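J.: File name final.cif; file contents mmCIF, C-alpha atoms; full text below.
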data_model
#
loop_
_atom_site.label_atom_id
_atom_site.label_comp_id
_atom_site.auth_asym_id
_atom_site.auth_seq_id
_atom_site.Cartn_x
_atom_site.Cartn_y
_atom_site.Cartn_z
CA MET A 1 -20.33 -45.24 -59.13
CA ALA A 2 -21.53 -43.16 -56.20
CA GLU A 3 -21.02 -39.44 -56.36
CA SER A 4 -17.89 -38.16 -54.56
CA LEU A 5 -17.70 -34.59 -53.22
CA ILE A 6 -14.31 -33.25 -54.28
CA PRO A 7 -13.22 -29.70 -53.33
CA PHE A 8 -10.20 -29.59 -55.71
CA ALA A 9 -9.62 -31.08 -59.16
CA PHE A 10 -6.76 -31.34 -61.65
CA HIS A 11 -7.05 -28.73 -64.41
CA VAL A 12 -5.77 -30.33 -67.60
CA ALA A 13 -4.86 -27.09 -69.38
CA THR A 14 -2.73 -25.62 -66.58
CA GLY A 15 -1.60 -28.78 -64.85
CA ARG A 16 -2.63 -27.37 -61.46
CA LEU A 17 -5.22 -28.15 -58.81
CA VAL A 18 -8.12 -25.71 -58.86
CA GLU A 19 -11.39 -25.18 -57.03
CA VAL A 20 -14.82 -24.68 -58.59
CA ASP A 21 -14.68 -20.87 -58.45
CA GLU A 22 -11.57 -20.82 -60.69
CA VAL A 23 -13.10 -22.66 -63.66
CA PRO A 24 -16.42 -22.73 -65.58
CA ARG A 25 -19.26 -24.82 -64.23
CA GLY A 26 -20.24 -28.25 -65.50
CA LEU A 27 -18.20 -30.24 -68.00
CA LYS A 28 -16.68 -27.02 -69.30
CA CYS A 29 -14.43 -26.92 -66.25
CA GLY A 30 -11.84 -29.00 -68.10
CA CYS A 31 -10.89 -30.96 -64.99
CA ILE A 32 -10.31 -34.61 -64.24
CA CYS A 33 -10.10 -36.58 -61.01
CA PRO A 34 -6.45 -36.97 -59.94
CA GLY A 35 -7.30 -40.39 -58.52
CA CYS A 36 -9.09 -42.19 -61.36
CA GLN A 37 -8.59 -39.75 -64.28
CA THR A 38 -12.40 -39.57 -64.71
CA PRO A 39 -13.75 -36.28 -66.09
CA LEU A 40 -15.28 -34.07 -63.41
CA VAL A 41 -18.09 -31.56 -63.41
CA GLY A 42 -18.09 -28.34 -61.39
CA ARG A 43 -21.14 -27.74 -59.21
CA GLU A 44 -22.30 -24.63 -57.39
CA CYS A 45 -24.49 -25.41 -54.38
CA ILE A 46 -26.64 -23.42 -51.98
CA ASP A 47 -26.59 -25.61 -48.89
CA ARG A 48 -23.21 -27.26 -49.46
CA ILE A 49 -19.80 -26.04 -50.51
CA ASP A 50 -19.14 -25.72 -54.22
CA HIS A 51 -17.38 -28.90 -55.37
CA PHE A 52 -16.46 -31.23 -58.19
CA ALA A 53 -18.12 -34.58 -58.82
CA HIS A 54 -17.39 -37.51 -61.08
CA LYS A 55 -19.20 -37.59 -64.39
CA THR A 56 -21.78 -40.32 -65.10
CA ARG A 57 -21.13 -44.02 -64.57
CA ASN A 58 -20.52 -44.42 -68.33
CA SER A 59 -17.54 -42.08 -68.14
CA TYR A 60 -16.25 -43.94 -65.14
CA GLU A 61 -16.53 -47.25 -66.97
CA GLU A 62 -14.29 -45.84 -69.70
CA THR A 63 -11.42 -45.29 -67.22
CA LYS A 64 -11.62 -48.80 -65.71
CA THR A 65 -9.94 -47.42 -62.57
CA GLU A 66 -11.28 -47.56 -59.00
CA CYS A 67 -11.25 -44.04 -57.48
CA ASN A 68 -9.81 -43.45 -54.02
CA TYR A 69 -9.68 -39.67 -54.28
CA SER A 70 -11.49 -38.73 -51.06
CA PHE A 71 -12.13 -35.33 -49.52
CA VAL A 72 -9.01 -35.40 -47.29
CA VAL A 73 -6.83 -36.73 -50.10
CA SER A 74 -7.95 -33.79 -52.19
CA ILE A 75 -7.15 -31.41 -49.34
CA ARG A 76 -3.67 -32.89 -48.89
CA ALA A 77 -2.94 -32.50 -52.60
CA MET A 78 -3.91 -28.81 -52.47
CA CYS A 79 -1.88 -28.28 -49.27
CA LYS A 80 1.29 -29.46 -51.04
CA GLN A 81 0.54 -27.19 -53.98
CA LEU A 82 0.06 -24.21 -51.63
CA LEU A 83 3.41 -24.94 -49.95
CA SER A 84 5.15 -24.89 -53.34
CA GLU A 85 3.42 -21.71 -54.59
CA LEU A 86 2.89 -19.25 -51.72
CA LYS A 87 5.25 -16.98 -49.85
CA ARG A 88 3.89 -16.57 -46.32
CA ASP A 89 4.82 -16.74 -42.67
CA PHE A 90 4.43 -20.19 -41.15
CA VAL A 91 3.48 -20.47 -37.45
CA ILE A 92 5.09 -23.34 -35.52
CA PRO A 93 2.95 -24.11 -32.43
CA GLU A 94 4.34 -24.20 -28.92
CA TYR A 95 5.53 -27.47 -27.43
CA HIS A 96 5.00 -28.76 -23.90
CA LEU A 97 7.78 -31.04 -22.69
CA THR A 98 6.46 -32.87 -19.61
CA SER A 99 8.26 -35.11 -17.13
CA GLU A 100 6.81 -38.11 -15.33
CA PRO A 101 5.72 -37.80 -11.67
CA GLN A 102 8.54 -38.90 -9.37
CA THR A 103 8.39 -41.09 -6.24
CA TRP A 104 11.48 -42.17 -4.31
CA PRO A 105 12.55 -43.12 -0.75
CA SER A 106 13.83 -40.27 1.39
CA PRO A 107 17.23 -40.37 3.10
CA VAL A 108 17.30 -41.59 6.69
CA SER A 109 16.72 -38.63 9.02
CA PRO A 110 19.62 -38.17 11.49
CA ALA A 111 17.17 -36.45 13.87
CA ASN A 112 14.78 -39.37 14.42
CA GLY A 113 15.89 -42.20 12.11
CA LYS A 114 12.71 -41.99 9.99
CA GLN A 115 12.49 -42.71 6.27
CA GLU A 116 9.47 -42.08 4.05
CA LEU A 117 8.45 -42.08 0.39
CA LEU A 118 8.71 -38.61 -1.16
CA SER A 119 7.04 -37.52 -4.38
CA ILE A 120 6.83 -34.59 -6.77
CA PRO A 121 4.27 -33.95 -9.55
CA ALA A 122 4.96 -33.84 -13.26
CA TYR A 123 6.77 -30.72 -14.43
CA THR A 124 6.38 -29.05 -17.83
CA ILE A 125 8.69 -26.87 -19.89
CA THR A 126 6.97 -24.89 -22.66
CA ILE A 127 8.87 -24.20 -25.87
CA PRO A 128 7.12 -21.08 -27.18
CA ALA A 129 5.54 -20.82 -30.61
CA LYS A 130 7.59 -19.17 -33.35
CA VAL A 131 7.08 -17.80 -36.85
CA ILE A 132 9.30 -18.45 -39.88
CA SER A 133 8.97 -17.16 -43.44
CA LEU A 134 8.42 -19.70 -46.22
CA SER A 135 8.72 -19.20 -49.95
CA PRO A 136 8.66 -21.64 -52.88
CA GLN A 137 12.44 -21.38 -53.02
CA ASP A 138 12.78 -22.36 -49.33
CA ILE A 139 10.63 -25.52 -49.26
CA ARG A 140 10.57 -28.80 -51.14
CA VAL A 141 7.50 -31.01 -51.49
CA GLU A 142 7.37 -34.83 -51.37
CA CYS A 143 11.00 -35.43 -50.40
CA ASN A 144 12.93 -37.78 -48.11
CA PHE A 145 13.81 -36.91 -44.52
CA ASN A 146 15.64 -39.54 -42.44
CA GLY A 147 14.08 -42.37 -44.43
CA VAL A 148 10.54 -40.94 -44.44
CA VAL A 149 8.80 -39.25 -47.40
CA VAL A 150 7.43 -36.04 -45.97
CA ASP A 151 5.00 -33.52 -47.46
CA GLY A 152 7.21 -30.47 -46.92
CA LEU A 153 10.87 -29.90 -46.01
CA THR A 154 12.83 -26.65 -45.88
CA GLN A 155 16.14 -26.33 -47.68
CA ASN A 156 18.10 -26.18 -44.41
CA ARG A 157 16.16 -29.24 -43.19
CA ASN A 158 15.09 -27.57 -39.92
CA LEU A 159 11.32 -27.77 -40.59
CA VAL A 160 9.32 -30.85 -41.59
CA ILE A 161 5.59 -30.71 -42.48
CA TYR A 162 3.53 -33.88 -42.51
CA PHE A 163 -0.22 -34.21 -43.14
CA VAL A 164 -2.12 -36.96 -41.33
CA TYR A 165 -5.59 -38.44 -41.73
CA GLU A 166 -7.25 -41.81 -41.22
CA GLY A 167 -4.94 -44.48 -42.65
CA ARG A 168 -1.94 -42.12 -42.71
CA PRO A 169 -0.50 -41.90 -39.16
CA ILE A 170 2.70 -40.22 -37.98
CA PRO A 171 5.78 -42.33 -38.80
CA GLU A 172 7.78 -43.35 -35.74
CA LEU A 173 11.02 -42.02 -37.24
CA LEU A 174 9.61 -38.48 -37.16
CA LEU A 175 8.81 -38.69 -33.46
CA VAL A 176 12.45 -39.27 -32.47
CA SER A 177 14.01 -36.57 -34.61
CA ASN A 178 15.86 -33.83 -32.76
CA THR A 179 17.44 -32.09 -35.75
CA ALA A 180 14.29 -30.40 -37.06
CA ASP A 181 10.93 -29.05 -35.97
CA VAL A 182 8.40 -31.68 -37.09
CA VAL A 183 4.93 -30.15 -37.51
CA VAL A 184 1.99 -32.50 -38.08
CA ILE A 185 -1.23 -31.06 -39.57
CA ASP A 186 -4.44 -33.03 -38.91
CA LEU A 187 -6.64 -32.98 -42.01
CA VAL A 188 -9.40 -35.03 -40.40
CA ALA A 189 -9.90 -32.34 -37.73
CA MET A 190 -9.81 -29.70 -40.45
CA GLU A 191 -12.37 -31.42 -42.72
CA PRO A 192 -15.63 -30.42 -40.88
CA VAL A 193 -14.60 -26.75 -40.99
CA LEU A 194 -13.80 -26.88 -44.71
CA ARG A 195 -17.09 -28.65 -45.48
CA THR A 196 -18.97 -25.68 -43.98
CA LYS A 197 -20.00 -23.21 -46.67
CA ASP A 198 -18.46 -19.75 -46.36
CA LYS A 199 -19.76 -17.17 -48.87
CA LEU A 200 -16.98 -14.72 -48.06
CA HIS A 201 -13.97 -17.00 -48.26
CA SER A 202 -13.10 -19.73 -50.71
CA ILE A 203 -11.97 -23.17 -49.62
CA ARG A 204 -8.51 -22.45 -51.01
CA SER A 205 -8.07 -19.25 -48.97
CA ARG A 206 -9.32 -20.90 -45.78
CA LEU A 207 -7.06 -23.89 -46.32
CA SER A 208 -4.10 -21.57 -46.84
CA ASP A 209 -4.86 -19.81 -43.54
CA PHE A 210 -5.12 -23.14 -41.73
CA ILE A 211 -1.76 -24.30 -43.09
CA TYR A 212 0.23 -21.15 -42.45
CA ASP A 213 -1.36 -19.06 -39.69
CA ASP A 214 -3.71 -21.22 -37.64
CA VAL A 215 -2.40 -23.59 -34.96
CA ARG A 216 -5.71 -25.35 -34.20
CA PHE A 217 -4.88 -28.28 -36.44
CA LYS A 218 -1.10 -28.30 -35.92
CA GLN A 219 1.01 -30.26 -33.49
CA LEU A 220 4.74 -30.03 -32.91
CA VAL A 221 5.73 -33.66 -32.31
CA SER A 222 9.49 -33.22 -32.29
CA PHE A 223 11.70 -30.17 -32.26
CA GLU A 224 15.20 -29.00 -32.97
CA SER A 225 17.67 -29.19 -30.04
CA SER A 226 15.19 -31.23 -28.03
CA SER A 227 18.08 -32.80 -26.10
CA VAL A 228 18.91 -29.37 -24.65
CA HIS A 229 15.36 -28.84 -23.42
CA ILE A 230 15.19 -32.40 -22.08
CA ALA A 231 18.38 -31.71 -20.11
CA ASP A 232 16.81 -28.50 -18.74
CA LEU A 233 13.71 -30.44 -17.69
CA GLU A 234 15.82 -33.12 -15.99
CA LYS A 235 17.76 -30.41 -14.19
CA LEU A 236 14.50 -28.86 -12.95
CA VAL A 237 13.25 -32.24 -11.73
CA ASN A 238 16.54 -33.03 -9.93
CA GLU A 239 16.62 -29.60 -8.27
CA THR A 240 13.04 -30.06 -7.11
CA LYS A 241 13.84 -33.51 -5.70
CA HIS A 242 16.85 -32.12 -3.84
CA LEU A 243 14.78 -29.25 -2.44
CA THR A 244 12.02 -31.69 -1.40
CA GLU A 245 14.54 -33.87 0.45
CA ASN A 246 16.04 -30.86 2.25
CA GLU A 247 12.59 -29.60 3.29
CA TRP A 248 11.68 -33.07 4.56
CA LEU A 249 14.90 -33.37 6.59
CA LYS A 250 14.35 -29.87 7.99
CA LYS A 251 10.81 -30.80 9.05
CA GLN A 252 12.05 -33.99 10.72
CA ASP A 253 14.62 -31.97 12.66
CA GLU A 254 11.96 -29.45 13.72
CA ASP A 255 9.61 -32.25 14.75
CA ALA A 256 12.36 -33.89 16.81
CA ARG A 257 13.20 -30.58 18.51
CA LEU A 258 9.53 -29.94 19.26
CA ALA A 259 9.05 -33.44 20.68
CA ALA A 260 12.11 -32.99 22.93
CA TYR A 261 10.88 -29.58 24.07
CA LEU A 262 7.39 -30.88 24.88
CA ALA A 263 8.85 -33.83 26.78
CA GLN A 264 11.08 -31.50 28.81
CA GLU A 265 8.19 -29.14 29.49
CA ALA A 266 6.06 -32.04 30.67
CA LEU A 267 8.86 -33.15 32.98
CA ASN A 268 9.36 -29.60 34.28
CA THR A 269 5.63 -29.25 34.91
CA GLU A 270 5.58 -32.52 36.79
CA VAL A 271 8.55 -31.42 38.92
CA ARG A 272 6.96 -28.02 39.62
CA ASP A 273 3.66 -29.65 40.57
CA GLN A 274 5.50 -32.03 42.89
CA GLN A 275 7.38 -29.10 44.47
CA ARG A 276 4.16 -27.12 44.99
CA TRP A 277 2.49 -30.16 46.52
CA GLU A 278 5.43 -30.71 48.88
CA GLU A 279 5.47 -27.02 49.88
CA ALA A 280 1.73 -27.04 50.51
CA ARG A 281 2.00 -30.28 52.49
CA LEU A 282 4.84 -28.84 54.57
CA LYS A 283 2.93 -25.63 55.32
CA GLU A 284 -0.13 -27.60 56.30
CA ALA A 285 1.98 -29.76 58.60
CA GLN A 286 3.52 -26.63 60.17
CA ARG A 287 0.10 -25.11 60.63
CA ARG A 288 -1.22 -28.20 62.31
CA GLN A 289 1.85 -28.44 64.53
CA PHE A 290 1.60 -24.80 65.48
CA SER A 291 -2.13 -25.10 66.11
CA GLU A 292 -1.71 -28.14 68.37
CA SER A 293 1.02 -26.50 70.41
CA ASN A 294 -0.97 -23.31 70.98
CA ARG A 295 -4.44 -24.67 71.66
CA ARG A 296 -5.38 -23.41 75.12
CA PHE A 297 -7.89 -21.39 77.02
CA ARG A 298 -6.71 -18.90 79.66
CA ALA A 299 -9.99 -17.53 80.90
CA ASP A 300 -8.91 -17.92 84.52
CA THR A 301 -5.40 -16.52 84.17
CA PRO A 302 -4.76 -12.81 84.82
CA ALA A 303 -2.97 -11.15 81.92
CA PHE A 304 -1.77 -7.82 83.32
CA ASP A 305 -0.94 -6.26 86.64
CA ASN A 306 -3.89 -3.90 86.33
CA ALA A 307 -6.33 -6.76 85.67
CA HIS A 308 -8.51 -5.58 88.52
CA ALA A 309 -9.33 -2.51 86.41
CA HIS A 310 -11.09 -4.60 83.72
CA LYS A 311 -14.20 -6.68 83.72
CA LYS A 312 -13.54 -10.24 82.68
CA LEU A 313 -15.71 -11.20 79.69
CA SER A 314 -16.97 -14.66 79.03
CA MET A 315 -16.06 -16.42 75.82
CA GLU A 316 -19.63 -15.97 74.57
CA GLU A 317 -19.41 -12.24 75.28
CA ILE A 318 -16.07 -12.04 73.46
CA ILE A 319 -17.50 -13.77 70.37
CA ASN A 320 -20.62 -11.57 70.45
CA TYR A 321 -18.43 -8.47 70.74
CA ILE A 322 -16.30 -9.50 67.73
CA THR A 323 -19.36 -10.48 65.68
CA MET A 324 -21.21 -7.23 66.45
CA ASN A 325 -18.26 -4.86 66.11
CA GLY A 326 -15.97 -6.73 63.72
CA ALA A 327 -15.23 -6.21 60.07
CA LYS A 328 -14.35 -8.56 57.23
CA PRO A 329 -10.87 -8.38 55.68
CA SER A 330 -10.26 -5.94 52.87
CA ASP A 331 -6.62 -6.64 52.01
CA LEU A 332 -4.31 -9.57 51.29
CA GLN A 333 -1.44 -8.86 53.67
CA SER A 334 0.58 -11.75 55.05
CA LEU A 335 -0.98 -13.43 58.02
CA VAL A 336 1.15 -13.33 61.21
CA ILE A 337 -0.39 -15.47 63.97
CA LEU A 338 0.65 -14.98 67.59
CA ASP A 339 -1.83 -17.33 69.20
CA VAL A 340 -4.71 -19.68 68.31
CA ILE A 341 -7.54 -20.45 70.76
CA GLU A 342 -9.95 -23.28 69.99
CA VAL A 343 -13.55 -22.54 70.90
CA GLY A 344 -15.56 -25.68 70.23
CA ILE A 345 -15.32 -26.19 66.50
CA ASN A 346 -14.45 -22.53 65.88
CA TRP A 347 -11.28 -20.53 66.41
CA ILE A 348 -10.04 -17.25 67.80
CA ILE A 349 -6.82 -16.16 66.11
CA VAL A 350 -4.62 -13.51 67.73
CA GLU A 351 -2.37 -11.21 65.73
CA LYS A 352 -0.21 -8.33 66.90
CA ASP A 353 -2.97 -5.74 66.76
CA ARG A 354 -6.08 -7.73 65.79
CA ILE A 355 -8.24 -10.54 67.05
CA TRP A 356 -10.08 -12.75 64.56
CA TYR A 357 -13.10 -14.97 64.94
CA VAL A 358 -13.13 -17.75 62.35
CA THR A 359 -15.84 -20.37 61.96
CA SER A 360 -14.91 -23.97 61.37
CA GLY A 361 -16.17 -23.81 57.79
CA ASP A 362 -13.83 -20.94 57.00
CA TRP A 363 -10.84 -22.30 58.85
CA ARG A 364 -10.83 -25.97 58.01
CA THR A 365 -11.85 -25.73 54.38
CA ALA A 366 -9.65 -22.71 53.63
CA ASN A 367 -6.46 -23.63 55.47
CA MET A 368 -4.51 -23.55 52.22
CA ARG A 369 -5.82 -20.03 51.64
CA TYR A 370 -4.44 -19.06 55.05
CA ALA A 371 -1.13 -20.63 54.12
CA ALA A 372 -1.09 -18.33 51.10
CA GLY A 373 -1.86 -15.26 53.23
CA MET A 374 -5.53 -14.90 52.33
CA ARG A 375 -7.65 -13.89 55.34
CA THR A 376 -11.21 -14.90 56.16
CA GLY A 377 -13.48 -14.44 59.18
CA ILE A 378 -14.27 -11.26 61.21
CA TRP A 379 -11.73 -9.12 63.13
CA VAL A 380 -11.57 -6.34 65.77
CA GLU A 381 -8.68 -4.37 67.17
CA ARG A 382 -7.01 -5.73 70.26
CA THR A 383 -7.93 -4.05 73.57
CA GLU A 384 -6.65 -4.53 77.11
CA GLU A 385 -10.09 -5.79 78.10
CA LEU A 386 -10.08 -8.44 75.38
CA ASP A 387 -6.49 -9.41 76.20
CA TYR A 388 -7.38 -9.69 79.87
CA SER A 389 -10.47 -11.77 79.17
CA LEU A 390 -8.53 -14.10 76.86
CA GLY A 391 -5.59 -14.38 79.26
CA LEU A 392 -3.08 -13.06 76.80
CA ARG A 393 0.40 -12.18 77.99
CA LYS A 394 3.23 -10.42 76.24
CA PRO A 395 3.43 -11.27 72.50
CA ARG A 396 5.66 -14.17 71.62
CA ALA A 397 7.98 -14.34 68.61
CA ASN A 398 6.06 -13.96 65.34
CA VAL A 399 5.48 -17.06 63.25
CA GLU A 400 4.64 -16.69 59.54
CA TRP A 401 2.86 -19.47 57.69
#
Let me see the file written as structure tokens.
T.:
Amino acid sequence: MAESLIPFAFHVATGRLVEVDEVPRGLKCGCICPGCQTPLVGRECIDRIDHFAHKTRNSYEETKTECNYSFVVSIRAMCKQLLSELKRDFVIPEYHLTSEPQTWPSPVSPANGKQELLSIPAYTITIPAKVISLSPQDIRVECNFNGVVVDGLTQNRNLVIYFVYEGRPIPELLLVSNTADVVVIDLVAMEPVLRTKDKLHSIRSRLSDFIYDDVRFKQLVSFESSSVHIADLEKLVNETKHLTENEWLKKQDEDARLAAYLAQEALNTEVRDQQRWEEARLKEAQRRQFSESNRRFRADTPAFDNAHAHKKLSMEEIINYITMNGAKPSDLQSLVILDVIEVGINWIIVEKDRIWYVTSGDWRTANMRYAAGMRTGIWVERTEELDYSLGLRKPRANVEW
């Protein structure tokens, strides 16, 4: 028979499970294998944990029993003994109750008639870890709970302890219990840690800490009053769905309002642009009409009774005089035209107290600027000599454009 590394053995004299440090070494340990009843020897190792091993093949042949007492089976046996002997606080790990992600069709939006698929992620409620005190009087070992033989059960039946390893899974009946906290302890995950030699702590003391205090190898698979927590989780999910629907409807209403506002603004802009275009077209038409009706040249017409007192200037002299003595505009006052005289492709514009000389480039390309009251060209103050030379008479009614 191949050698089996066994951390705990059955001590015949005391009827208890012991580890190597509690008994003499070798055959003097007085221990047998709980699985095959073969005598065991205690071994102290340097590179491995101290352990028991089956005696020689001859001893095994005397028992005529196949041994299935593995490392994890030995650990489970000691765990049950620790539950029935020790008085310690037992830590129940926290539990995370998680919902499924939700996807559902939205209500039809009254704002725009749209309907979409809404979704929310999974939500989790955490039942916090808690600590209860256990004593040998409070817990029973290897007893029935709802048709399942469990490793540990408290007297008030509100805590179940079950050890699992390969070939010993969690029974389905324990997963649906809501009358007790069902704590599963994974011995397979615990095994590599226990196989590591620790000179300061025995296997028994480490195993006791793992069972009672440590939560690394524990899992809460079902818990007391789970229906209450499930109802709380469902309430949270339903509230979130309702809030998501309201936010979606609110957004649809805002989108509809924004679309209506933008459409109205576009219409208003189009109307304003049309109005500006019509106003500009009307002013241009008025300007052209006024210009056509006032195009004349009165060089041969006397303007005043005392005309003989002034020298009559030629049009060239008038333009030279304005060009040499004139100034460019420095303000943006409204333009009030009394008369317009066409000089070839250029213009002489008469105001109440000024005379302007405007080139064709300024006048014809900037007529809209004139309509807006923006002056260009060169001007001089009106004089009797200029009025006489231009044949101007008394000012007519002002025309603004």
J.: What is the distance, in Å and to one decimal place, between CA of Glu351 (chain A) and CA of Arg382 (chain A)?
T.: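 Taking CA of Glu351 (chain A) as the start and CA of Arg382 (chain A) as the end point, the length is 8.5 Å.
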J.: Would you pick out the contacts of Val91 (chain A) at 12 Å or less, using only C-alpha atoms, so that residues sharing its chain but fewer than 3 positions from it are not included, and give the list as a PDB file with C-alpha atoms, keeping the file's coordinate frame?
T.:
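Contents of result-v7.pdb, as written:
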ATOM      1  CA  ARG A  88       3.890 -16.570 -46.320  1.00  0.00           C
ATOM      2  CA  GLU A  94       4.340 -24.200 -28.920  1.00  0.00           C
ATOM      3  CA  PRO A 128       7.120 -21.080 -27.180  1.00  0.00           C
ATOM      4  CA  ALA A 129       5.540 -20.820 -30.610  1.00  0.00           C
ATOM      5  CA  LYS A 130       7.590 -19.170 -33.350  1.00  0.00           C
ATOM      6  CA  VAL A 131       7.080 -17.800 -36.850  1.00  0.00           C
ATOM      7  CA  ILE A 132       9.300 -18.450 -39.880  1.00  0.00           C
ATOM      8  CA  SER A 133       8.970 -17.160 -43.440  1.00  0.00           C
ATOM      9  CA  LEU A 134       8.420 -19.700 -46.220  1.00  0.00           C
ATOM     10  CA  LEU A 159      11.320 -27.770 -40.590  1.00  0.00           C
ATOM     11  CA  ILE A 161       5.590 -30.710 -42.480  1.00  0.00           C
ATOM     12  CA  ASP A 181      10.930 -29.050 -35.970  1.00  0.00           C
ATOM     13  CA  VAL A 183       4.930 -30.150 -37.510  1.00  0.00           C
ATOM     14  CA  ILE A 185      -1.230 -31.060 -39.570  1.00  0.00           C
ATOM     15  CA  ASP A 209      -4.860 -19.810 -43.540  1.00  0.00           C
ATOM     16  CA  PHE A 210      -5.120 -23.140 -41.730  1.00  0.00           C
ATOM     17  CA  ILE A 211      -1.760 -24.300 -43.090  1.00  0.00           C
ATOM     18  CA  TYR A 212       0.230 -21.150 -42.450  1.00  0.00           C
ATOM     19  CA  ASP A 213      -1.360 -19.060 -39.690  1.00  0.00           C
ATOM     20  CA  ASP A 214      -3.710 -21.220 -37.640  1.00  0.00           C
ATOM     21  CA  VAL A 215      -2.400 -23.590 -34.960  1.00  0.00           C
ATOM     22  CA  ARG A 216      -5.710 -25.350 -34.200  1.00  0.00           C
ATOM     23  CA  PHE A 217      -4.880 -28.280 -36.440  1.00  0.00           C
ATOM     24  CA  LYS A 218      -1.100 -28.300 -35.920  1.00  0.00           C
ATOM     25  CA  GLN A 219       1.010 -30.260 -33.490  1.00  0.00           C
ATOM     26  CA  LEU A 220       4.740 -30.030 -32.910  1.00  0.00           C
TER      27      LEU A 220
END
J.: Quick one, how far is CA of Ile32 (chain A) from CA of Arg16 (chain A)?
T.: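 Value for the CA of Ile32 (chain A)-CA of Arg16 (chain A) distance: 10.9 Å.
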J.: For the structure provided, state which residues fall under the PyMOL selection byres ((chain A and resi 179) around 9), and present them as a list in words.
T.: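 Taken over the shown coordinates, the PyMOL selection byres ((chain A and resi 179) around 9) returns Arg157, Asn158, Leu159, Ser177, Asn178, Ala180, Asp181, Ser222, Phe223, Glu224, Ser225 and Ser226 of chain A.
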J.: Once the PyMOL selection byres ((chain A and resi 40-49) around 8) has been applied to the shown file, what residues remain in the selection, as JSON, numbers by chain?
T.: {"A": [9, 20, 23, 24, 25, 26, 27, 28, 29, 30, 31, 32, 33, 38, 39, 50, 51, 52, 53, 54, 55, 195, 196, 197, 198]}
J.: Take the residues that were just selected and, keeping C-alpha atoms, output them as a compact mmCIF listing (two decimals), in the coordinates of the input.
T.:
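Below you can see part-v6.txt, which holds the result:
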# COMPACT_ATOMS: atom_id res chain seq x y z
CA ALA A 9 -9.62 -31.08 -59.16
CA VAL A 20 -14.82 -24.68 -58.59
CA VAL A 23 -13.10 -22.66 -63.66
CA PRO A 24 -16.42 -22.73 -65.58
CA ARG A 25 -19.26 -24.82 -64.23
CA GLY A 26 -20.24 -28.25 -65.50
CA LEU A 27 -18.20 -30.24 -68.00
CA LYS A 28 -16.68 -27.02 -69.30
CA CYS A 29 -14.43 -26.92 -66.25
CA GLY A 30 -11.84 -29.00 -68.10
CA CYS A 31 -10.89 -30.96 -64.99
CA ILE A 32 -10.31 -34.61 -64.24
CA CYS A 33 -10.10 -36.58 -61.01
CA THR A 38 -12.40 -39.57 -64.71
CA PRO A 39 -13.75 -36.28 -66.09
CA ASP A 50 -19.14 -25.72 -54.22
CA HIS A 51 -17.38 -28.90 -55.37
CA PHE A 52 -16.46 -31.23 -58.19
CA ALA A 53 -18.12 -34.58 -58.82
CA HIS A 54 -17.39 -37.51 -61.08
CA LYS A 55 -19.20 -37.59 -64.39
CA ARG A 195 -17.09 -28.65 -45.48
CA THR A 196 -18.97 -25.68 -43.98
CA LYS A 197 -20.00 -23.21 -46.67
CA ASP A 198 -18.46 -19.75 -46.36
J.: Compile the contact shell of Glu254 (chain A) as a list in words: residues with an atom at most 12 Å away, counting all atoms listed in the file, same-chain residues fewer than 6 positions apart removed.
T.: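 With the cut-off at 12 Å, the set is Ser109, Pro110, Ala111, Asn112, Glu247, Trp248, Ala260 and Tyr261 of chain A.
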J.: Contacts of region 311-320 of chain A at 6 Å or less, counting all atoms listed in the file, minus same-chain residues fewer than 3 places along, as a list of chain:residue names?
T.: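 Counting only the stated atoms, we get A:Thr323, A:Met324, A:Ser389.
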J.: Please rebuild region 19-27 of chain A with N, CA and C atoms and give the result as a PDB file, keeping the file's coordinate frame.
T.:
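Final output, saved to part_31.pdb:
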ATOM      1  N   GLU A  19     -10.080 -24.983 -57.647  1.00  0.00           N
ATOM      2  CA  GLU A  19     -11.390 -25.180 -57.030  1.00  0.00           C
ATOM      3  C   GLU A  19     -12.462 -24.700 -57.997  1.00  0.00           C
ATOM      4  N   VAL A  20     -13.716 -24.925 -57.656  1.00  0.00           N
ATOM      5  CA  VAL A  20     -14.820 -24.680 -58.590  1.00  0.00           C
ATOM      6  C   VAL A  20     -14.873 -23.221 -59.024  1.00  0.00           C
ATOM      7  N   ASP A  21     -14.574 -22.289 -58.126  1.00  0.00           N
ATOM      8  CA  ASP A  21     -14.680 -20.870 -58.450  1.00  0.00           C
ATOM      9  C   ASP A  21     -13.659 -20.427 -59.505  1.00  0.00           C
ATOM     10  N   GLU A  22     -12.631 -21.221 -59.759  1.00  0.00           N
ATOM     11  CA  GLU A  22     -11.570 -20.820 -60.690  1.00  0.00           C
ATOM     12  C   GLU A  22     -11.837 -21.275 -62.122  1.00  0.00           C
ATOM     13  N   VAL A  23     -12.850 -22.110 -62.321  1.00  0.00           N
ATOM     14  CA  VAL A  23     -13.100 -22.660 -63.660  1.00  0.00           C
ATOM     15  C   VAL A  23     -14.591 -22.571 -63.976  1.00  0.00           C
ATOM     16  N   PRO A  24     -14.990 -22.729 -65.235  1.00  0.00           N
ATOM     17  CA  PRO A  24     -16.420 -22.730 -65.580  1.00  0.00           C
ATOM     18  C   PRO A  24     -17.154 -23.900 -64.946  1.00  0.00           C
ATOM     19  N   ARG A  25     -18.463 -23.781 -64.840  1.00  0.00           N
ATOM     20  CA  ARG A  25     -19.260 -24.820 -64.230  1.00  0.00           C
ATOM     21  C   ARG A  25     -19.489 -25.979 -65.221  1.00  0.00           C
ATOM     22  N   GLY A  26     -19.900 -27.100 -64.678  1.00  0.00           N
ATOM     23  CA  GLY A  26     -20.240 -28.250 -65.500  1.00  0.00           C
ATOM     24  C   GLY A  26     -19.039 -28.892 -66.147  1.00  0.00           C
ATOM     25  N   LEU A  27     -19.285 -29.544 -67.307  1.00  0.00           N
ATOM     26  CA  LEU A  27     -18.200 -30.240 -68.000  1.00  0.00           C
ATOM     27  C   LEU A  27     -17.189 -29.279 -68.617  1.00  0.00           C
TER      28      LEU A  27
END
